[in-house]
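Worksheet: one structure, shown below.
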Amino acid sequence: MTANNAALVSALVASVLHLPESAVGVDASMENLAKWDSLEQLNICLAFQERFGVDMDMESIASSTSVAKLVAQLPS
Amino acid sequence: MRTMLLSNMNMQPLIAFLSPWEVTCGEFNSILLDISDPASPAGSSEFSQILCLYDSDAMMGDALYGQGKPEQCEAFLAALESFCNAHSEKVVIANTFCLGSARWLSFADLLHPLSLRAVEATLNERLIAIARANPNLLLVDTELLFRRYGEDTLLSDAFWYLGRIRYSNQMFRSMATLIHQAVDAYANRGRKVLILDLDNTLWGGILGEAGPLGIMLSEDGAGRCYRDFQRAIKAVQRAGILLAICSKNNPEDLDEVFDRNSMMVLHREDFACIRANWEPKPDNILNIAETLNLGVDSFLFIDDSPVERELVRTTVPGVVVPEFPARIEKLPAWFLRDVVPAWIGKYTLTTEDQNKTGQYRVNEERRQLSSSLDLDSFLRDLKIETVLHVDPVQQITRIAQMTQKSNQFNLTTRRYGVPEIQRFLDSPDHAVVLLEYKDRFGSEGAVGLAILDYAEPRIDTLLMSCRVIGRKVEDQILGKVCDLFQARGCPRITAEFTPTGKNRQVAAFYDSHGFTLISEEPDGRRIYERIIA
C-alpha cells in the first residue's frame, strides 16, 4: 500500500517538475533533485492536495520536501 | 497571439491551465503599476491580450476591515479605464469584484453604511460601466465559480500566507476554463443551432408508448426536471440560438404533443426546423444543415441515447455532441452551467440575436412564395427596402459577429474581433459599410457588410448573411462601395476572392459585377480590378 502510494507521489512530482517518471525515485527530495526548489514545492503541494484530497497546513507544506514526507501526509 | 497576465497574487500555477495560450506574467503584485505605466510591457504591441486577474479581498486593503476607502480598487478602476481607452487594439480580460465571506461587521454588514456587500456592488457597477463604454474589455464573472464550488474548495489560505498563491488547483483549473469559454463567446465562436432529441430528453418516457399526455412533463415531481430543461432551452432560443428537433418518432404523435400537452414550454414555432421521422439521425442532421443553409460545424446535438450520440459523433464529425447527465435532476443545471457556456454562450446580444428564429421562420414563408413565382416577380413582390450605413459605430458588435459567422457569401473570410473593427471605424483610411434589410415579411436587420481600404485602394471584406442570398441586395452594397471609392477620387480599385471550401457560390461574383481578373495565385486566390473613374 505504502509502496504503491510512494510510486503515485513520485509520478506526481515528476509531472509537476516536467521530468520523466524514471528521474524521480521514491527517495527523491528537495536536497537531491535540483529542479525541486521552494517555488516548485508550492506547485507540488497544490497538485498533491488536489490529487489526494489532502488539506495541508502551512507547516506541512513547508516541511514536506521529499516523496517520503509527502507520503506520510496520506491517511494510512 | 500572446497574453500578459497581471495580478496582485501569485498566479504562476494558472499558466499551465491556460494552455495553448502563451502567457507571460507581470511582476509580482504590480497589476496597478503595469496597467498605469505607459512604458510597462503590458502596453507593448507584443501582447494582444491582457489578463487582469486580481484578488478582491487583497485589493481592498484595510477597507476590508472597515478602515478607510478601497483606494487601491478605485485606482485600479481608473487605470483600467485609461488602459482600455489607450489600447483599443488589445482585448483586456478582467474578473469582477468578489469579496470573500469573512465580514468584519458580521450581521450588521447588510444595513451598515460601510457594508462590504454595498462596497462590492458599487465597485462592480463602475466596472460594468467601463466595460459598456469599452467593447475591448471582457469581464469574467468569477463569482459564479465561488457560488458553485464554494470558498472552502477554491481558496487556499495556507498557500496564500506561504507564497501568495490564493487559489487551489481546482480554482486555477475552473478559472482557466471559464476564461477560455468567455473569450470564445466574446469572439462569437459559439454554435448557432441546438438540435434536440425528444423521448427522455425533452420529456421523460417514450411518446409512442405513453401517448401525448402520458409523457413525463409536469410542474411537480420528476417531470419538473424536463419542464425546467425546456425553460432553459427556451431562454437560449430567445438569446439567438436556433432550435431544431431530430428524433425517431411519428410526426403525428409530435403534433399531438404540441397541440394538446399544456406542460410543453417549447412550442412548434420555437423550432427553426423539425425532423421527427424514422430516418437515421445523421441523415436528418445533414438535412437540417441544408434547410437552414448552415454547416454542421455550427450544430450542437443533445440526445440521451449513447448509441445515437456515438453514431452522430462518428458519422457527422463537425457536430458537437456532449455527454448526457446520468441523473435527470441534473438536467437543467447541467445545461445552463456546463453546456451553454462551453458551446453556445454569448458575451453580448445583438437585436438580430433576439429574433433569430422569427427570421428563419419568415424565410420559410418567403421560400414558399418564391416557389410560386419567377425570380424577378418574386423579388418585386417581396417589396425589399434596404438602408446603407457608413461607419455605424453603435453596431460594432454586430459587425464583428458578421465577420466571424458568415461563410458562404464571404469573398475573403477575414475574421475580425471588436478591437479590429474599432480600428477600421476610427481610421480615416478605412470605411465600414453596413446594409440593413427589410421586406413585407419582416426585418432581417444588418445582413450585408463591406470594409474598404482607401489607402490601396481595395475591398478588404465583402459579405452577406446567407439569409438574404439570392435577393440581389449584394448589388446595392457593391454600388455603395464603388460610390465611396469614387468620392475619394480612386480611379481604380482591387478586390479579391479567397476560396475557403465554403464560399464556392461566390467564386465568380466579381467576374459578373464588372471586375477584371488580373491574377490567380496557386492557392486559388484571385485578384480583380475595376476602373471606376
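Naming scheme: A, B, ... for chains in displayed order of the C-alpha cells; residues 1 onward per chain; ligands 1 onward as shown.
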Could you please tell me, as a PDB file with C-alpha atoms, in the first residue's frame, which residues of chain A have an atom within 8 Å of chain B when using only C-alpha atoms?
```
ATOM      1  CA  LEU A  42       4.299  25.027  -3.646  1.00  0.00           C
ATOM      2  CA  ASN A  43       3.308  23.682  -7.065  1.00  0.00           C
ATOM      3  CA  LEU A  46      -1.015  22.239  -4.858  1.00  0.00           C
ATOM      4  CA  ALA A  47      -1.105  19.234  -7.171  1.00  0.00           C
ATOM      5  CA  GLU A  50      -5.903  18.115  -5.473  1.00  0.00           C
ATOM      6  CA  MET A  56      -2.282  20.649   4.074  1.00  0.00           C
ATOM      7  CA  ASP A  57      -1.494  23.304   6.660  1.00  0.00           C
ATOM      8  CA  MET A  58       1.357  25.808   6.347  1.00  0.00           C
ATOM      9  CA  ILE A  61       3.565  22.466   3.070  1.00  0.00           C
TER      10      ILE A  61
END
```
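Excluding Asp511 (chain B) itself and same-chain residues fewer than 5 positions from it, the residues having an atom within 9 Å of it are Thr516, Leu517 and Tyr528 of chain B, counting only C-alpha atoms.
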Go ahead and compute the interatomic distance for CA of Asp429 (chain B) and CA of Asp453 (chain B), in Å to one decimal.
->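 Distance between the two atoms: 6.0 Å.
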DSSP on the backbone, then: every residue of region 129-374 of chain B marked strand (DSSP E), written as a PyMOL selection string.
-> chain B and resi 137-140+193-196+242-248+271-277+299-302
Take the residues from that selection and write them out as a PDB file, in the first residue's frame, keeping N, CA and C atoms.
```pdb
ATOM      1  N   LEU B 137     -13.007  45.544 -23.479  1.00  0.00           N
ATOM      2  CA  LEU B 137     -12.881  44.985 -22.121  1.00  0.00           C
ATOM      3  C   LEU B 137     -13.862  43.837 -21.954  1.00  0.00           C
ATOM      4  N   LEU B 138     -13.327  42.670 -21.674  1.00  0.00           N
ATOM      5  CA  LEU B 138     -14.149  41.474 -21.488  1.00  0.00           C
ATOM      6  C   LEU B 138     -14.163  41.136 -19.995  1.00  0.00           C
ATOM      7  N   LEU B 139     -15.349  41.197 -19.379  1.00  0.00           N
ATOM      8  CA  LEU B 139     -15.449  40.887 -17.950  1.00  0.00           C
ATOM      9  C   LEU B 139     -15.810  39.420 -17.759  1.00  0.00           C
ATOM     10  N   VAL B 140     -15.179  38.801 -16.770  1.00  0.00           N
ATOM     11  CA  VAL B 140     -15.470  37.407 -16.472  1.00  0.00           C
ATOM     12  C   VAL B 140     -15.963  37.341 -15.026  1.00  0.00           C
ATOM     13  N   VAL B 193     -26.859  26.451 -33.701  1.00  0.00           N
ATOM     14  CA  VAL B 193     -28.077  25.642 -33.686  1.00  0.00           C
ATOM     15  C   VAL B 193     -27.994  24.557 -32.619  1.00  0.00           C
ATOM     16  N   LEU B 194     -29.052  24.434 -31.833  1.00  0.00           N
ATOM     17  CA  LEU B 194     -29.155  23.370 -30.838  1.00  0.00           C
ATOM     18  C   LEU B 194     -30.169  22.350 -31.348  1.00  0.00           C
ATOM     19  N   ILE B 195     -29.701  21.131 -31.626  1.00  0.00           N
ATOM     20  CA  ILE B 195     -30.584  20.079 -32.135  1.00  0.00           C
ATOM     21  C   ILE B 195     -30.915  19.136 -30.988  1.00  0.00           C
ATOM     22  N   LEU B 196     -32.204  18.862 -30.821  1.00  0.00           N
ATOM     23  CA  LEU B 196     -32.658  18.111 -29.649  1.00  0.00           C
ATOM     24  C   LEU B 196     -33.381  16.833 -30.028  1.00  0.00           C
ATOM     25  N   LEU B 242     -30.727  28.951 -32.567  1.00  0.00           N
ATOM     26  CA  LEU B 242     -31.816  28.306 -33.298  1.00  0.00           C
ATOM     27  C   LEU B 242     -32.021  26.903 -32.733  1.00  0.00           C
ATOM     28  N   LEU B 243     -33.275  26.485 -32.669  1.00  0.00           N
ATOM     29  CA  LEU B 243     -33.581  25.150 -32.163  1.00  0.00           C
ATOM     30  C   LEU B 243     -34.057  24.263 -33.302  1.00  0.00           C
ATOM     31  N   ALA B 244     -33.721  22.991 -33.206  1.00  0.00           N
ATOM     32  CA  ALA B 244     -34.225  22.024 -34.178  1.00  0.00           C
ATOM     33  C   ALA B 244     -34.494  20.721 -33.443  1.00  0.00           C
ATOM     34  N   ILE B 245     -35.391  19.912 -34.000  1.00  0.00           N
ATOM     35  CA  ILE B 245     -35.682  18.599 -33.431  1.00  0.00           C
ATOM     36  C   ILE B 245     -35.183  17.538 -34.391  1.00  0.00           C
ATOM     37  N   CYS B 246     -34.506  16.529 -33.839  1.00  0.00           N
ATOM     38  CA  CYS B 246     -34.096  15.386 -34.637  1.00  0.00           C
ATOM     39  C   CYS B 246     -34.416  14.162 -33.796  1.00  0.00           C
ATOM     40  N   SER B 247     -35.517  13.485 -34.135  1.00  0.00           N
ATOM     41  CA  SER B 247     -35.999  12.446 -33.232  1.00  0.00           C
ATOM     42  C   SER B 247     -36.673  11.320 -33.992  1.00  0.00           C
ATOM     43  N   LYS B 248     -36.571  10.114 -33.441  1.00  0.00           N
ATOM     44  CA  LYS B 248     -37.264   8.979 -34.037  1.00  0.00           C
ATOM     45  C   LYS B 248     -38.647   8.882 -33.405  1.00  0.00           C
ATOM     46  N   PHE B 271     -39.130  26.258 -32.974  1.00  0.00           N
ATOM     47  CA  PHE B 271     -38.137  25.470 -33.709  1.00  0.00           C
ATOM     48  C   PHE B 271     -37.993  25.966 -35.136  1.00  0.00           C
ATOM     49  N   ALA B 272     -36.751  26.140 -35.561  1.00  0.00           N
ATOM     50  CA  ALA B 272     -36.499  26.579 -36.933  1.00  0.00           C
ATOM     51  C   ALA B 272     -36.665  25.407 -37.884  1.00  0.00           C
ATOM     52  N   CYS B 273     -36.590  24.185 -37.354  1.00  0.00           N
ATOM     53  CA  CYS B 273     -36.615  23.019 -38.222  1.00  0.00           C
ATOM     54  C   CYS B 273     -37.000  21.790 -37.391  1.00  0.00           C
ATOM     55  N   ILE B 274     -37.938  20.980 -37.866  1.00  0.00           N
ATOM     56  CA  ILE B 274     -38.352  19.786 -37.123  1.00  0.00           C
ATOM     57  C   ILE B 274     -38.231  18.552 -38.014  1.00  0.00           C
ATOM     58  N   ARG B 275     -37.451  17.576 -37.556  1.00  0.00           N
ATOM     59  CA  ARG B 275     -37.331  16.304 -38.278  1.00  0.00           C
ATOM     60  C   ARG B 275     -37.677  15.188 -37.316  1.00  0.00           C
ATOM     61  N   ALA B 276     -38.971  14.838 -37.261  1.00  0.00           N
ATOM     62  CA  ALA B 276     -39.421  13.687 -36.464  1.00  0.00           C
ATOM     63  C   ALA B 276     -39.840  12.619 -37.446  1.00  0.00           C
ATOM     64  N   ASN B 277     -39.030  11.593 -37.590  1.00  0.00           N
ATOM     65  CA  ASN B 277     -39.318  10.524 -38.555  1.00  0.00           C
ATOM     66  C   ASN B 277     -38.477   9.301 -38.176  1.00  0.00           C
ATOM     67  N   PHE B 299     -23.465  23.159 -35.323  1.00  0.00           N
ATOM     68  CA  PHE B 299     -24.506  22.397 -34.619  1.00  0.00           C
ATOM     69  C   PHE B 299     -24.030  21.845 -33.272  1.00  0.00           C
ATOM     70  N   LEU B 300     -24.962  21.823 -32.336  1.00  0.00           N
ATOM     71  CA  LEU B 300     -24.773  21.167 -31.040  1.00  0.00           C
ATOM     72  C   LEU B 300     -25.936  20.201 -30.894  1.00  0.00           C
ATOM     73  N   PHE B 301     -25.672  18.937 -30.567  1.00  0.00           N
ATOM     74  CA  PHE B 301     -26.709  17.914 -30.574  1.00  0.00           C
ATOM     75  C   PHE B 301     -26.841  17.292 -29.192  1.00  0.00           C
ATOM     76  N   ILE B 302     -28.062  17.303 -28.644  1.00  0.00           N
ATOM     77  CA  ILE B 302     -28.287  16.708 -27.317  1.00  0.00           C
ATOM     78  C   ILE B 302     -29.242  15.533 -27.435  1.00  0.00           C
TER      79      ILE B 302
END
```
